[in-house]
$ cat final00.cif   # mmCIF, C-alpha atoms and all ligand atoms
data_start
loop_
_atom_site.label_atom_id
_atom_site.label_comp_id
_atom_site.auth_asym_id
_atom_site.auth_seq_id
_atom_site.Cartn_x
_atom_site.Cartn_y
_atom_site.Cartn_z
CA MET O 3 -19.45 2.94 -35.64
CA GLU O 4 -16.17 3.92 -37.25
CA ASP O 5 -17.83 4.29 -40.68
CA ASP O 6 -20.60 6.38 -39.19
CA LEU O 7 -18.07 8.63 -37.59
CA LYS O 8 -16.13 9.04 -40.82
CA LYS O 9 -19.29 9.92 -42.74
CA GLU O 10 -20.29 12.48 -40.14
CA VAL O 11 -16.88 14.13 -40.24
CA GLU O 12 -16.71 14.11 -44.03
CA LYS O 13 -20.11 15.75 -44.28
CA LYS O 14 -18.98 18.59 -42.04
CA VAL O 15 -15.49 18.99 -43.45
CA PRO O 16 -15.18 17.99 -47.11
CA ASN O 17 -11.44 17.32 -46.99
CA ALA O 18 -11.70 15.30 -43.79
CA GLY O 19 -8.83 13.10 -42.82
CA GLY O 20 -7.03 16.26 -41.84
CA PHE O 21 -9.59 16.93 -39.13
CA MET O 22 -10.84 14.97 -36.18
CA ILE O 23 -13.55 15.52 -33.57
CA PRO O 24 -11.95 15.99 -30.13
CA GLY O 25 -12.27 13.22 -27.59
CA THR O 26 -13.47 10.48 -29.93
CA SER O 27 -10.88 8.11 -28.49
CA LEU O 28 -13.48 7.49 -25.78
CA LEU O 29 -15.22 5.28 -28.32
CA ASN O 30 -12.16 3.05 -28.38
CA LYS O 31 -12.60 0.78 -25.37
CA THR O 32 -9.12 -0.49 -24.53
CA GLY O 33 -10.30 -2.75 -21.70
CA SER O 34 -10.13 -5.69 -24.10
CA TRP O 35 -6.32 -5.43 -24.01
CA ARG O 36 -6.07 -6.80 -20.46
CA THR O 37 -4.31 -9.99 -19.53
CA PHE O 38 -4.47 -9.20 -15.81
CA LYS O 39 -7.26 -7.37 -14.06
CA PRO O 40 -6.51 -5.13 -11.06
CA ILE O 41 -9.02 -5.47 -8.21
CA VAL O 42 -9.29 -2.84 -5.47
CA THR O 43 -9.65 -4.52 -2.08
CA ASP O 44 -10.95 -3.24 1.28
CA LYS O 45 -7.44 -2.14 2.27
CA CYS O 46 -7.90 0.90 -0.01
CA THR O 47 -7.72 4.21 1.89
CA GLY O 48 -8.72 6.38 -1.06
CA CYS O 49 -5.34 8.15 -0.99
CA GLY O 50 -5.43 8.59 -4.78
CA ILE O 51 -1.82 7.75 -5.60
CA CYS O 52 -2.89 5.07 -8.08
CA ALA O 53 -5.17 7.56 -9.84
CA THR O 54 -2.36 10.08 -10.33
CA TYR O 55 -0.36 7.41 -12.15
CA CYS O 56 -2.92 5.38 -14.11
CA PRO O 57 -1.88 6.11 -17.73
CA GLU O 58 -5.46 5.53 -18.86
CA ASN O 59 -7.04 7.92 -16.35
CA ALA O 60 -9.26 4.94 -15.56
CA ILE O 61 -9.21 5.34 -11.76
CA GLU O 62 -11.55 7.63 -9.93
CA ILE O 63 -11.58 8.21 -6.18
CA LYS O 64 -15.20 8.13 -5.10
CA GLU O 65 -17.37 7.58 -2.09
CA VAL O 66 -18.53 3.96 -1.99
CA ASP O 67 -20.70 2.89 0.96
CA GLY O 68 -19.61 5.92 2.94
CA LYS O 69 -15.91 5.33 2.36
CA ARG O 70 -13.55 6.96 -0.15
CA ARG O 71 -11.88 4.45 -2.40
CA ALA O 72 -10.42 3.85 -5.83
CA VAL O 73 -12.87 2.73 -8.51
CA ILE O 74 -11.49 1.35 -11.77
CA ASP O 75 -13.22 1.80 -15.13
CA TYR O 76 -12.63 -1.54 -16.82
CA ASP O 77 -13.80 -0.11 -20.15
CA TYR O 78 -10.37 1.52 -20.48
CA CYS O 79 -8.04 -0.21 -17.95
CA LYS O 80 -5.34 -1.99 -19.98
CA GLY O 81 -4.12 -4.05 -17.02
CA CYS O 82 -0.63 -2.56 -16.86
CA LEU O 83 -0.70 -2.95 -13.03
CA ILE O 84 1.14 0.31 -12.36
CA CYS O 85 -1.63 1.02 -9.82
CA MET O 86 -0.85 -2.20 -7.96
CA ASN O 87 2.83 -1.31 -7.83
CA VAL O 88 2.49 2.30 -6.68
CA CYS O 89 -0.18 1.63 -4.01
CA PRO O 90 1.50 2.21 -0.62
CA PHE O 91 -1.11 0.05 1.13
CA LYS O 92 -0.90 -2.98 -1.19
CA ALA O 93 -4.63 -2.57 -1.66
CA ILE O 94 -4.77 -3.76 -5.27
CA LYS O 95 -4.54 -7.41 -6.24
CA LYS O 96 -4.41 -8.91 -9.70
CA VAL O 97 -6.43 -11.73 -11.20
CA ILE O 98 -6.00 -13.24 -14.62
CA GLU O 99 -8.73 -12.26 -17.13
CA MET M 26 -21.26 15.70 -36.39
CA ASP M 27 -23.46 16.92 -33.57
CA ARG M 28 -24.95 13.49 -33.04
CA VAL M 29 -21.54 11.87 -32.73
CA LYS M 30 -20.30 14.68 -30.56
CA ILE M 31 -23.22 14.33 -28.19
CA GLU M 32 -22.77 10.59 -28.05
CA VAL M 33 -19.08 10.94 -27.21
CA MET M 34 -19.47 13.76 -24.76
CA HIS M 35 -22.28 12.18 -22.80
CA MET M 36 -20.31 9.07 -22.07
CA ASN M 37 -18.99 10.36 -18.79
CA GLU M 38 -18.84 13.81 -17.29
CA ARG M 39 -15.43 13.14 -15.79
CA TYR M 40 -13.92 12.17 -19.13
CA GLU M 41 -15.42 15.17 -20.83
CA LYS M 42 -13.19 17.45 -18.75
CA LEU M 43 -9.95 15.57 -19.41
CA LEU M 44 -7.48 17.29 -21.73
CA PHE M 45 -6.04 13.94 -22.85
CA LYS M 46 -8.63 11.20 -22.89
CA PRO M 47 -8.74 7.45 -22.39
CA GLY M 48 -9.11 5.20 -25.41
CA HIS M 49 -5.67 6.31 -26.61
CA THR M 50 -3.58 3.40 -27.80
CA ALA M 51 -0.31 3.75 -25.87
CA CYS M 52 1.18 0.39 -24.84
CA ALA M 53 -0.01 -0.74 -21.42
CA GLY M 54 2.21 0.98 -18.85
CA CYS M 55 3.46 3.70 -21.21
CA PRO M 56 3.96 7.01 -19.37
CA ILE M 57 3.45 9.30 -22.38
CA PRO M 58 -0.15 10.08 -21.26
CA ILE M 59 1.12 10.92 -17.76
CA ILE M 60 3.61 13.40 -19.22
CA VAL M 61 1.09 14.96 -21.60
CA ARG M 62 -1.62 15.39 -18.97
CA THR M 63 0.82 16.75 -16.38
CA VAL M 64 1.76 19.49 -18.84
CA LEU M 65 -1.80 20.16 -20.03
CA ASN M 66 -3.38 20.09 -16.57
CA THR M 67 -0.78 22.55 -15.32
CA LEU M 68 -1.31 24.95 -18.24
CA GLY M 69 -5.08 24.52 -18.46
CA LYS M 70 -7.55 24.47 -21.30
CA ASN M 71 -6.33 27.64 -22.97
CA THR M 72 -3.59 25.75 -24.79
CA ILE M 73 -2.80 24.75 -28.37
CA VAL M 74 -0.59 21.75 -29.02
CA ALA M 75 1.69 20.84 -31.90
CA PHE M 76 2.87 17.25 -31.85
CA GLY M 77 5.37 15.51 -34.07
CA THR M 78 5.17 12.15 -35.80
CA SER M 79 6.02 9.69 -33.03
CA CYS M 80 4.42 7.25 -30.62
CA LEU M 81 2.43 10.21 -29.29
CA GLU M 82 0.94 10.81 -32.72
CA ILE M 83 0.04 7.16 -33.24
CA ILE M 84 -1.50 6.73 -29.81
CA SER M 85 -3.45 10.01 -29.74
CA SER M 86 -4.86 10.36 -33.21
CA GLN M 87 -5.40 7.28 -35.30
CA TYR M 88 -8.30 8.35 -37.47
CA PRO M 89 -11.12 8.59 -36.46
CA TYR M 90 -10.11 8.38 -32.81
CA ASN M 91 -8.73 11.51 -31.21
CA ALA M 92 -7.63 11.61 -27.59
CA TRP M 93 -6.92 15.34 -27.43
CA GLY M 94 -9.20 17.57 -25.39
CA VAL M 95 -7.43 20.74 -26.57
CA PRO M 96 -6.78 21.95 -30.14
CA ALA M 97 -3.86 19.87 -31.38
CA MET M 98 -2.06 19.88 -34.70
CA HIS M 99 0.02 17.02 -36.00
CA SER M 100 3.32 17.92 -37.65
CA ALA M 101 5.79 15.93 -39.70
CA PHE M 102 8.60 14.07 -37.92
CA GLU M 103 11.12 16.87 -38.29
CA ASN M 104 9.19 20.11 -37.91
CA THR M 105 7.22 20.18 -34.64
CA ALA M 106 9.07 23.31 -33.51
CA ALA M 107 8.38 25.04 -36.85
CA ILE M 108 4.64 24.24 -36.65
CA ALA M 109 4.53 25.47 -33.04
CA SER M 110 6.39 28.64 -34.09
CA GLY M 111 3.77 29.29 -36.80
CA ILE M 112 0.87 28.73 -34.41
CA GLU M 113 2.43 31.10 -31.88
CA ALA M 114 3.10 33.81 -34.49
CA ALA M 115 -0.47 33.54 -35.82
CA GLN M 116 -2.05 33.69 -32.36
CA LYS M 117 0.07 36.71 -31.53
CA LYS M 118 -1.00 38.46 -34.72
CA LEU M 119 -4.63 37.72 -33.88
CA GLY M 120 -4.10 39.14 -30.41
CA ASN M 121 -4.95 35.87 -28.63
CA LYS M 122 -3.35 35.07 -25.29
CA VAL M 123 -2.88 31.32 -25.43
CA ASN M 124 -0.25 28.78 -24.36
CA VAL M 125 1.49 27.04 -27.24
CA VAL M 126 3.10 23.70 -26.47
CA ALA M 127 5.11 21.43 -28.73
CA PHE M 128 5.44 17.72 -27.89
CA ALA M 129 7.87 15.50 -29.74
CA GLY M 130 9.94 12.38 -29.26
CA ASP M 131 13.70 12.18 -28.85
CA GLY M 132 14.27 11.16 -32.48
CA GLY M 133 12.17 14.09 -33.65
CA THR M 134 14.01 16.44 -31.29
CA PHE M 135 17.63 15.34 -30.76
CA ASP M 136 18.11 14.24 -34.38
CA ILE M 137 15.90 15.21 -37.29
CA GLY M 138 14.04 18.09 -35.58
CA LEU M 139 17.07 19.79 -34.06
CA GLN M 140 17.32 22.51 -36.68
CA ALA M 141 13.61 23.38 -36.40
CA LEU M 142 13.99 23.56 -32.62
CA SER M 143 17.12 25.67 -32.85
CA GLY M 144 15.30 27.98 -35.28
CA MET M 145 12.41 28.34 -32.84
CA VAL M 146 14.80 29.36 -30.06
CA ASP M 147 16.71 31.66 -32.41
CA ARG M 148 13.55 33.52 -33.43
CA GLY M 149 12.47 33.73 -29.81
CA HIS M 150 8.98 32.21 -30.11
CA ASN M 151 6.92 32.05 -26.95
CA VAL M 152 6.56 28.25 -27.05
CA LEU M 153 7.05 25.52 -24.46
CA TYR M 154 8.75 22.60 -26.19
CA VAL M 155 8.48 19.28 -24.32
CA VAL M 156 10.50 16.29 -25.46
CA TYR M 157 9.42 12.92 -24.06
CA ASP M 158 12.51 10.82 -24.28
CA ASN M 159 11.98 7.07 -24.69
CA GLU M 160 15.61 6.85 -25.83
CA SER M 161 14.82 5.44 -29.25
CA TYR M 162 12.75 5.79 -32.41
CA ALA M 163 10.11 3.71 -30.69
CA ASN M 164 7.07 3.68 -32.96
CA THR M 165 9.11 2.51 -35.94
CA GLY M 166 10.48 -0.43 -33.96
CA ILE M 167 13.12 0.83 -31.48
CA GLN M 168 15.97 2.28 -33.53
CA ARG M 169 18.79 4.19 -31.87
CA SER M 170 18.73 7.99 -31.59
CA SER M 171 21.31 10.41 -30.23
CA ALA M 172 19.35 10.22 -26.94
CA THR M 173 19.92 6.46 -26.61
CA PRO M 174 22.19 5.81 -23.61
CA PHE M 175 25.51 3.99 -23.66
CA GLY M 176 25.21 0.21 -23.79
CA ALA M 177 21.51 0.03 -24.64
CA TRP M 178 20.28 -2.55 -27.10
CA THR M 179 18.18 -1.17 -29.96
CA THR M 180 17.53 -2.72 -33.37
CA THR M 181 20.27 -0.48 -34.81
CA SER M 182 22.67 -0.88 -31.87
CA PRO M 183 22.50 -4.65 -31.64
CA VAL M 184 24.32 -6.95 -29.27
CA GLY M 185 26.87 -9.24 -30.85
CA LYS M 186 30.57 -10.00 -30.94
CA LYS M 187 31.61 -6.69 -32.53
CA ILE M 188 29.03 -4.32 -31.05
CA HIS M 189 27.69 -4.50 -27.50
CA GLY M 190 24.74 -2.14 -27.65
CA ASN M 191 24.88 1.61 -28.20
CA LYS M 192 28.40 3.07 -28.30
CA THR M 193 27.67 6.69 -27.41
CA PHE M 194 26.34 8.62 -24.42
CA LYS M 195 23.20 10.74 -24.55
CA LYS M 196 23.46 14.13 -26.28
CA PRO M 197 23.21 16.87 -23.61
CA LEU M 198 20.38 18.66 -25.36
CA ALA M 199 19.08 20.65 -22.37
CA LEU M 200 22.51 22.22 -21.91
CA MET M 201 22.67 22.93 -25.63
CA MET M 202 19.31 24.71 -25.51
CA ALA M 203 20.49 26.80 -22.57
CA ALA M 204 23.71 27.62 -24.39
CA GLN M 205 21.63 28.86 -27.31
CA GLY M 206 19.65 31.15 -25.04
CA ALA M 207 16.33 29.41 -24.35
CA LYS M 208 14.72 31.41 -21.52
CA TYR M 209 13.88 28.39 -19.43
CA VAL M 210 15.28 24.87 -19.65
CA ALA M 211 14.58 21.91 -17.37
CA THR M 212 14.70 18.16 -17.04
CA ALA M 213 11.87 16.24 -15.38
CA SER M 214 10.72 12.80 -14.28
CA ILE M 215 7.30 11.19 -13.89
CA SER M 216 8.53 9.87 -10.54
CA ASN M 217 8.64 13.44 -9.19
CA LEU M 218 5.41 15.04 -10.36
CA PRO M 219 5.52 18.07 -7.99
CA ASP M 220 8.95 18.99 -9.42
CA PHE M 221 7.67 18.42 -12.98
CA LYS M 222 4.52 20.53 -12.41
CA ARG M 223 6.47 23.36 -10.83
CA LYS M 224 8.77 23.45 -13.85
CA VAL M 225 5.85 23.62 -16.28
CA GLN M 226 4.33 26.36 -14.13
CA ARG M 227 7.57 28.33 -14.15
CA ALA M 228 7.92 27.88 -17.92
CA ALA M 229 4.38 29.22 -18.39
CA GLU M 230 5.29 32.41 -16.50
CA ILE M 231 8.21 33.14 -18.81
CA GLU M 232 7.84 34.77 -22.23
CA GLY M 233 10.05 33.25 -24.91
CA PRO M 234 11.32 29.81 -25.96
CA LYS M 235 11.23 27.15 -23.22
CA PHE M 236 12.43 23.58 -23.29
CA ILE M 237 11.62 20.68 -20.93
CA HIS M 238 13.25 17.26 -21.34
CA VAL M 239 11.30 14.42 -19.67
CA LEU M 240 12.55 10.86 -19.42
CA ASN M 241 9.90 8.43 -20.68
CA PRO M 242 10.55 4.83 -19.55
CA CYS M 243 9.20 2.66 -22.39
CA PRO M 244 8.17 -0.85 -21.31
CA THR M 245 8.15 -2.06 -24.93
CA GLY M 246 11.52 -0.73 -26.08
CA TRP M 247 13.40 -0.91 -22.78
CA LYS M 248 11.98 -4.34 -22.12
CA PHE M 249 10.62 -4.21 -18.59
CA ASP M 250 7.28 -5.26 -17.13
CA SER M 251 4.53 -2.68 -17.68
CA SER M 252 3.86 -2.45 -13.93
CA LEU M 253 7.41 -1.10 -13.31
CA THR M 254 7.23 2.17 -15.24
CA VAL M 255 7.25 4.43 -12.17
CA ASP M 256 9.91 2.30 -10.43
CA VAL M 257 12.21 2.56 -13.47
CA ALA M 258 11.68 6.34 -13.60
CA LYS M 259 12.42 6.61 -9.88
CA LEU M 260 15.59 4.52 -10.14
CA SER M 261 16.84 6.64 -13.04
CA VAL M 262 16.80 9.58 -10.62
CA GLU M 263 17.97 7.76 -7.48
CA THR M 264 21.01 6.29 -9.27
CA GLY M 265 21.96 9.77 -10.49
CA LEU M 266 21.68 8.72 -14.13
CA TRP M 267 18.82 11.13 -14.73
CA VAL M 268 19.65 14.51 -13.22
CA LEU M 269 16.79 16.87 -12.33
CA PHE M 270 17.80 20.48 -12.93
CA GLU M 271 16.54 23.77 -14.30
CA ILE M 272 18.20 26.68 -16.06
CA ASP M 273 16.11 29.77 -15.47
CA HIS M 274 17.26 32.69 -17.66
CA GLY M 275 20.64 30.99 -17.89
CA LYS M 276 21.00 30.32 -14.17
CA PHE M 277 21.67 26.65 -13.42
CA ARG M 278 20.21 24.88 -10.38
CA ILE M 279 19.90 21.20 -9.42
CA THR M 280 16.31 20.71 -8.22
CA TYR M 281 16.69 17.29 -6.62
CA LYS M 282 19.68 15.43 -5.28
CA PRO M 283 19.33 11.84 -4.04
CA LYS M 284 20.34 11.54 -0.38
CA GLU M 285 22.32 8.47 -1.22
CA PHE M 286 23.00 7.38 -4.80
CA LYS M 287 21.89 3.86 -5.64
CA PRO M 288 24.25 1.79 -7.82
CA VAL M 289 23.45 2.16 -11.54
CA ARG M 290 23.27 -1.62 -11.73
CA ASP M 291 19.90 -1.50 -9.91
CA TYR M 292 18.47 0.61 -12.72
CA LEU M 293 20.13 -1.23 -15.59
CA MET M 294 19.22 -4.73 -14.48
CA LEU M 295 15.49 -3.97 -14.39
CA GLN M 296 15.62 -3.58 -18.17
CA ARG M 297 16.40 -6.33 -20.60
CA ARG M 298 17.87 -3.82 -23.10
CA PHE M 299 20.91 -3.73 -20.77
CA LYS M 300 21.09 -7.38 -19.76
CA HIS M 301 24.18 -8.10 -21.91
CA LEU M 302 26.34 -5.49 -20.15
CA THR M 303 29.62 -6.68 -18.66
CA ASP M 304 30.88 -5.54 -15.24
CA GLU M 305 33.39 -3.37 -17.05
CA GLU M 306 30.66 -1.65 -19.04
CA ILE M 307 28.53 -1.14 -15.95
CA ASN M 308 31.55 0.42 -14.21
CA LYS M 309 32.01 2.73 -17.17
CA ILE M 310 28.41 3.93 -16.75
CA GLN M 311 28.92 4.32 -12.98
CA GLU M 312 32.05 6.40 -13.61
CA ARG M 313 30.16 8.55 -16.07
CA VAL M 314 27.50 9.31 -13.42
CA LYS M 315 30.27 10.50 -11.10
CA GLU M 316 31.76 12.72 -13.79
CA ASP M 317 28.37 14.12 -14.78
CA TRP M 318 27.49 14.99 -11.18
CA SER M 319 30.77 16.73 -10.60
CA MET M 320 30.11 18.77 -13.75
CA TYR M 321 26.52 19.57 -12.72
CA GLU M 322 27.51 20.46 -9.17
CA GLY M 323 30.16 22.71 -10.61
CA LEU M 324 27.45 24.47 -12.62
CA GLU M 325 25.28 25.12 -9.54
CA GLY M 326 24.47 28.83 -9.45
CA VAL M 327 26.51 29.51 -12.58
CA LYS M 328 25.09 31.63 -15.41
CA ILE M 329 25.21 29.67 -18.68
C1 LIG K 1 11.38 12.29 -42.65
C2 LIG K 1 10.83 11.10 -42.00
N1 LIG K 1 11.64 10.03 -41.82
C3 LIG K 1 11.17 8.92 -41.20
C4 LIG K 1 9.88 8.88 -40.76
C5 LIG K 1 9.37 7.63 -40.09
N2 LIG K 1 9.23 7.85 -38.66
C6 LIG K 1 8.07 8.21 -38.11
S1 LIG K 1 8.13 8.41 -36.47
C7 LIG K 1 9.76 7.93 -36.44
C8 LIG K 1 10.52 7.79 -35.18
C9 LIG K 1 10.08 8.73 -34.11
O1 LIG K 1 11.00 8.67 -33.05
P1 LIG K 1 10.82 9.64 -31.85
O2 LIG K 1 10.77 11.04 -32.31
O3 LIG K 1 11.86 9.32 -30.83
O4 LIG K 1 9.37 9.28 -31.29
P2 LIG K 1 8.90 7.88 -30.66
O5 LIG K 1 8.35 7.06 -31.77
O6 LIG K 1 10.05 7.26 -30.00
O7 LIG K 1 7.83 8.26 -29.71
C10 LIG K 1 10.22 7.67 -37.72
C11 LIG K 1 11.57 7.20 -38.06
C12 LIG K 1 9.07 10.01 -40.98
N3 LIG K 1 7.79 10.04 -40.55
N4 LIG K 1 9.56 11.08 -41.59
S1 LIG K 2 -3.10 3.91 -4.05
FE1 LIG K 2 -3.98 2.13 -3.01
S2 LIG K 2 -4.88 2.95 -1.13
FE2 LIG K 2 -4.49 4.71 -2.47
S3 LIG K 2 -6.42 4.97 -3.57
FE3 LIG K 2 -5.17 3.64 -4.85
S4 LIG K 2 -5.74 1.54 -4.25
FE4 LIG K 2 -6.51 2.93 -2.66
S1 LIG K 3 -3.90 -1.67 -14.33
FE1 LIG K 3 -3.01 0.14 -15.33
S2 LIG K 3 -4.65 0.85 -16.66
FE2 LIG K 3 -5.61 -0.52 -15.19
S3 LIG K 3 -6.31 0.81 -13.53
FE3 LIG K 3 -4.26 0.06 -12.97
S4 LIG K 3 -2.87 1.67 -13.68
FE4 LIG K 3 -4.84 2.00 -14.74
S1 LIG K 4 6.68 1.93 -27.73
FE1 LIG K 4 7.25 2.74 -25.74
S2 LIG K 4 6.96 4.96 -25.84
FE2 LIG K 4 5.88 4.04 -27.61
S3 LIG K 4 3.75 3.78 -26.89
FE3 LIG K 4 4.83 1.85 -26.47
S4 LIG K 4 5.64 2.06 -24.37
FE4 LIG K 4 5.06 4.11 -25.10
MG MG K 5 11.63 8.22 -29.09
#
$ encode --input "final00.cif" --output "structure tokens" --more "lines below"
Ligand SMILES: Cc1ncc(C[n+]2csc(CCOP(=O)(O)OP(=O)(O)O)c2C)c(N)n1
Ligand code: SF4
Ligand code: SF4
Ligand code: SF4
Ligand SMILES: [Mg+2]
Amino acid sequence: MEDDLKKEVEKKVPNAGGFMIPGTSLLNKTGSWRTFKPIVTDKCTGCGICATYCPENAIEIKEVDGKRRAVIDYDYCKGCLICMNVCPFKAIKKVIE
Amino acid sequence: MDRVKIEVMHMNERYEKLLFKPGHTACAGCPIPIIVRTVLNTLGKNTIVAFGTSCLEIISSQYPYNAWGVPAMHSAFENTAAIASGIEAAQKKLGNKVNVVAFAGDGGTFDIGLQALSGMVDRGHNVLYVVYDNESYANTGIQRSSATPFGAWTTTSPVGKKIHGNKTFKKPLALMMAAQGAKYVATASISNLPDFKRKVQRAAEIEGPKFIHVLNPCPTGWKFDSSLTVDVAKLSVETGLWVLFEIDHGKFRITYKPKEFKPVRDYLMLQRRFKHLTDEEINKIQERVKEDWSMYEGLEGVKI
């Protein structure tokens, strides 16, 4: 994938290396970094505080079964557990990967 | 390129809109992305970034991965403010109305980039310069800078018989920038995002050089658990060690005062970079907080 990307960029911009396509970090799935995995439990009120702090932007507040709650994208979650610590309702628990 | 672009962009509609995207390689628990997105989300898409060699560079743009969702230009370690000045001058010449933001670390700002920053203020460029202060040269392995606080362990302020961590107090760079005539100067914390956002908003309204100094608790260099980043930031404010203020056209104002100051020990003991400190040294830091607050309260309403 990385080689493909390099070739594509170099074709477009001959002196590539000084130029990068925006947003390609999305191809870099950092979920593999986790030691601990945060799990959102039913105590979640969907208040969104965890989402404002997740450094990976991996939390989205969405409607799930008619209720607003935090949904974590494990493709990018690094398992820092900031979300668990800032949640005022203690709605996130951790499990070991 | 189009194929790759389509592939990346179609991953998720939500991510497409983000101005700083996941897949960046900041250490787990690092608040740099929180700082960057708070600034970018407040200013909006019509923004060009210059960013210095630092953790931010490494985490946002290791070829071929690029986390930026706005045009962003990497600069050398020492010249972020010069690059931002050039971008601003060029955009002005072209007649474009666009926000220009510089992001750099404390090493690249307090030390080696100070003359470029001072030049930017001197020439009066319409740039918002944001320093994220992790109190060390972090990406090269935690060396001391002139933003490193008193007593902190770094690899170049070691803990032994002769030296007990860093010997100096943090350089008061925000006050220096105000003294030089920056139009807007502020400090900020990730533990008080409304205050931080308001300051970015205010900076955006003002034409001329602007400087915001944000404390960036660094789990790796400060040696605390990655889940505690926000708690450490909060304690820095609640102990009075990190003072939230702004200097708007020279006029000084404290923007948040803790109702009751927590002892500095609570902040220091969360971080293993301070674990060697003696009671005497902790008292020295506590005394310094008292002195600093009496100075800052004396500045309240004063024109610098
Ligand atoms: C002139 C020069 N000297 C040294 C370096 C190596 N170097 C790169 S980043 C860095 C430290 C950056 O510290 P800071 O600005 O605080 O950013 P941080 O890594 O802490 O985010 C150093 C020493 C360099 N790139 N250029
Ligand atoms: S902070 Fe807690 S309650 Fe609020 S959305 Fe996140 S998990 Fe749910
Ligand atoms: S553990 Fe960290 S990275 Fe994962 S969802 Fe929580 S805050 Fe985000
Ligand atoms: S070393 Fe510190 S500042 Fe740098 S990416 Fe890691 S946590 Fe962030
Ligand atoms: Mg630094």
$ closest_residue --input "final00.cif" --among "O:Val88, O:Leu28, O:Ile23, O:Cys82" --to "O:Pro57" --atoms "all atoms listed in the file"
O:Cys82
$ interface_residues --input "final00.cif" --of "chain O" --to "chain M" --cutoff "7 Å" --atoms "only C-alpha atoms" --output "list of chain:residue names"
O:Glu4, O:Leu7, O:Lys8, O:Glu10, O:Val11, O:Lys14, O:Met22, O:Ile23, O:Pro24, O:Gly25, O:Thr26, O:Ser27, O:Leu28, O:Leu29, O:Asn30, O:Lys31, O:Thr32, O:Tyr55, O:Pro57, O:Glu58, O:Asn59, O:Tyr78, O:Lys80, O:Gly81, O:Cys82, O:Leu83, O:Ile84, O:Asn87
$ write_last_selection --input "final00.cif" --atoms "C-alpha atoms" --output "PDB file, keeping the file's coordinate frame"
ATOM      1  CA  GLU O   4     -16.170   3.920 -37.250  1.00  0.00           C
ATOM      2  CA  LEU O   7     -18.070   8.630 -37.590  1.00  0.00           C
ATOM      3  CA  LYS O   8     -16.130   9.040 -40.820  1.00  0.00           C
ATOM      4  CA  GLU O  10     -20.290  12.480 -40.140  1.00  0.00           C
ATOM      5  CA  VAL O  11     -16.880  14.130 -40.240  1.00  0.00           C
ATOM      6  CA  LYS O  14     -18.980  18.590 -42.040  1.00  0.00           C
ATOM      7  CA  MET O  22     -10.840  14.970 -36.180  1.00  0.00           C
ATOM      8  CA  ILE O  23     -13.550  15.520 -33.570  1.00  0.00           C
ATOM      9  CA  PRO O  24     -11.950  15.990 -30.130  1.00  0.00           C
ATOM     10  CA  GLY O  25     -12.270  13.220 -27.590  1.00  0.00           C
ATOM     11  CA  THR O  26     -13.470  10.480 -29.930  1.00  0.00           C
ATOM     12  CA  SER O  27     -10.880   8.110 -28.490  1.00  0.00           C
ATOM     13  CA  LEU O  28     -13.480   7.490 -25.780  1.00  0.00           C
ATOM     14  CA  LEU O  29     -15.220   5.280 -28.320  1.00  0.00           C
ATOM     15  CA  ASN O  30     -12.160   3.050 -28.380  1.00  0.00           C
ATOM     16  CA  LYS O  31     -12.600   0.780 -25.370  1.00  0.00           C
ATOM     17  CA  THR O  32      -9.120  -0.490 -24.530  1.00  0.00           C
ATOM     18  CA  TYR O  55      -0.360   7.410 -12.150  1.00  0.00           C
ATOM     19  CA  PRO O  57      -1.880   6.110 -17.730  1.00  0.00           C
ATOM     20  CA  GLU O  58      -5.460   5.530 -18.860  1.00  0.00           C
ATOM     21  CA  ASN O  59      -7.040   7.920 -16.350  1.00  0.00           C
ATOM     22  CA  TYR O  78     -10.370   1.520 -20.480  1.00  0.00           C
ATOM     23  CA  LYS O  80      -5.340  -1.990 -19.980  1.00  0.00           C
ATOM     24  CA  GLY O  81      -4.120  -4.050 -17.020  1.00  0.00           C
ATOM     25  CA  CYS O  82      -0.630  -2.560 -16.860  1.00  0.00           C
ATOM     26  CA  LEU O  83      -0.700  -2.950 -13.030  1.00  0.00           C
ATOM     27  CA  ILE O  84       1.140   0.310 -12.360  1.00  0.00           C
ATOM     28  CA  ASN O  87       2.830  -1.310  -7.830  1.00  0.00           C
TER      29      ASN O  87
END
$ axis_aligned_box --input "final00.cif" --around "stretch 36-51 of chain O" --padding-each-side "4 Å" --output "AutoDock Vina command-line options"
--center_x -6.4 --center_y -0.7 --center_z -9.1 --size_x 17.1 --size_y 26.6 --size_z 30.7
$ residues_near_ligand --input "final00.cif" --ligand "ligand LIG 2 (chain K)" --cutoff "6 Å" --atoms "all atoms listed in the file" --output "JSON, numbers by chain"
{"O": [42, 46, 47, 48, 49, 50, 51, 52, 71, 72, 89, 90, 91, 93, 94]}
$ residues_near_ligand --input "final00.cif" --ligand "ligand LIG 1 (chain K)" --cutoff "10 Å" --atoms "all atoms listed in the file" --output "MDAnalysis selection string"
chainID M and resid 57 77:84 100:104 128:138 156:173 241 243 246
$ atom_distance --input "final00.cif" --atom1 "atom CA of O:Lys95" --atom2 "atom CA of O:Lys39"
8.3 Å
$ atom_distance --input "final00.cif" --atom1 "atom CA of M:Gly233" --atom2 "atom CA of M:Val152"
6.5 Å
$ atom_distance --input "final00.cif" --atom1 "atom CA of M:Lys222" --atom2 "atom CA of M:Leu65"
9.9 Å
$ residues_near_point --input "final00.cif" --point "(-10.5, -8.8, -20.6)" --cutoff "10 Å" --atoms "only C-alpha atoms" --output "list in words"
Thr32, Gly33, Ser34, Trp35, Arg36, Thr37, Phe38, Lys39, Tyr76, Asp77, Cys79, Lys80, Gly81, Ile98 and Glu99 of chain O
$ closest_residue --input "final00.cif" --among "O:Lys13, O:Lys45, O:Cys56, O:Arg70" --to "ligand LIG 3 (chain K)" --atoms "all atoms listed in the file"
O:Cys56
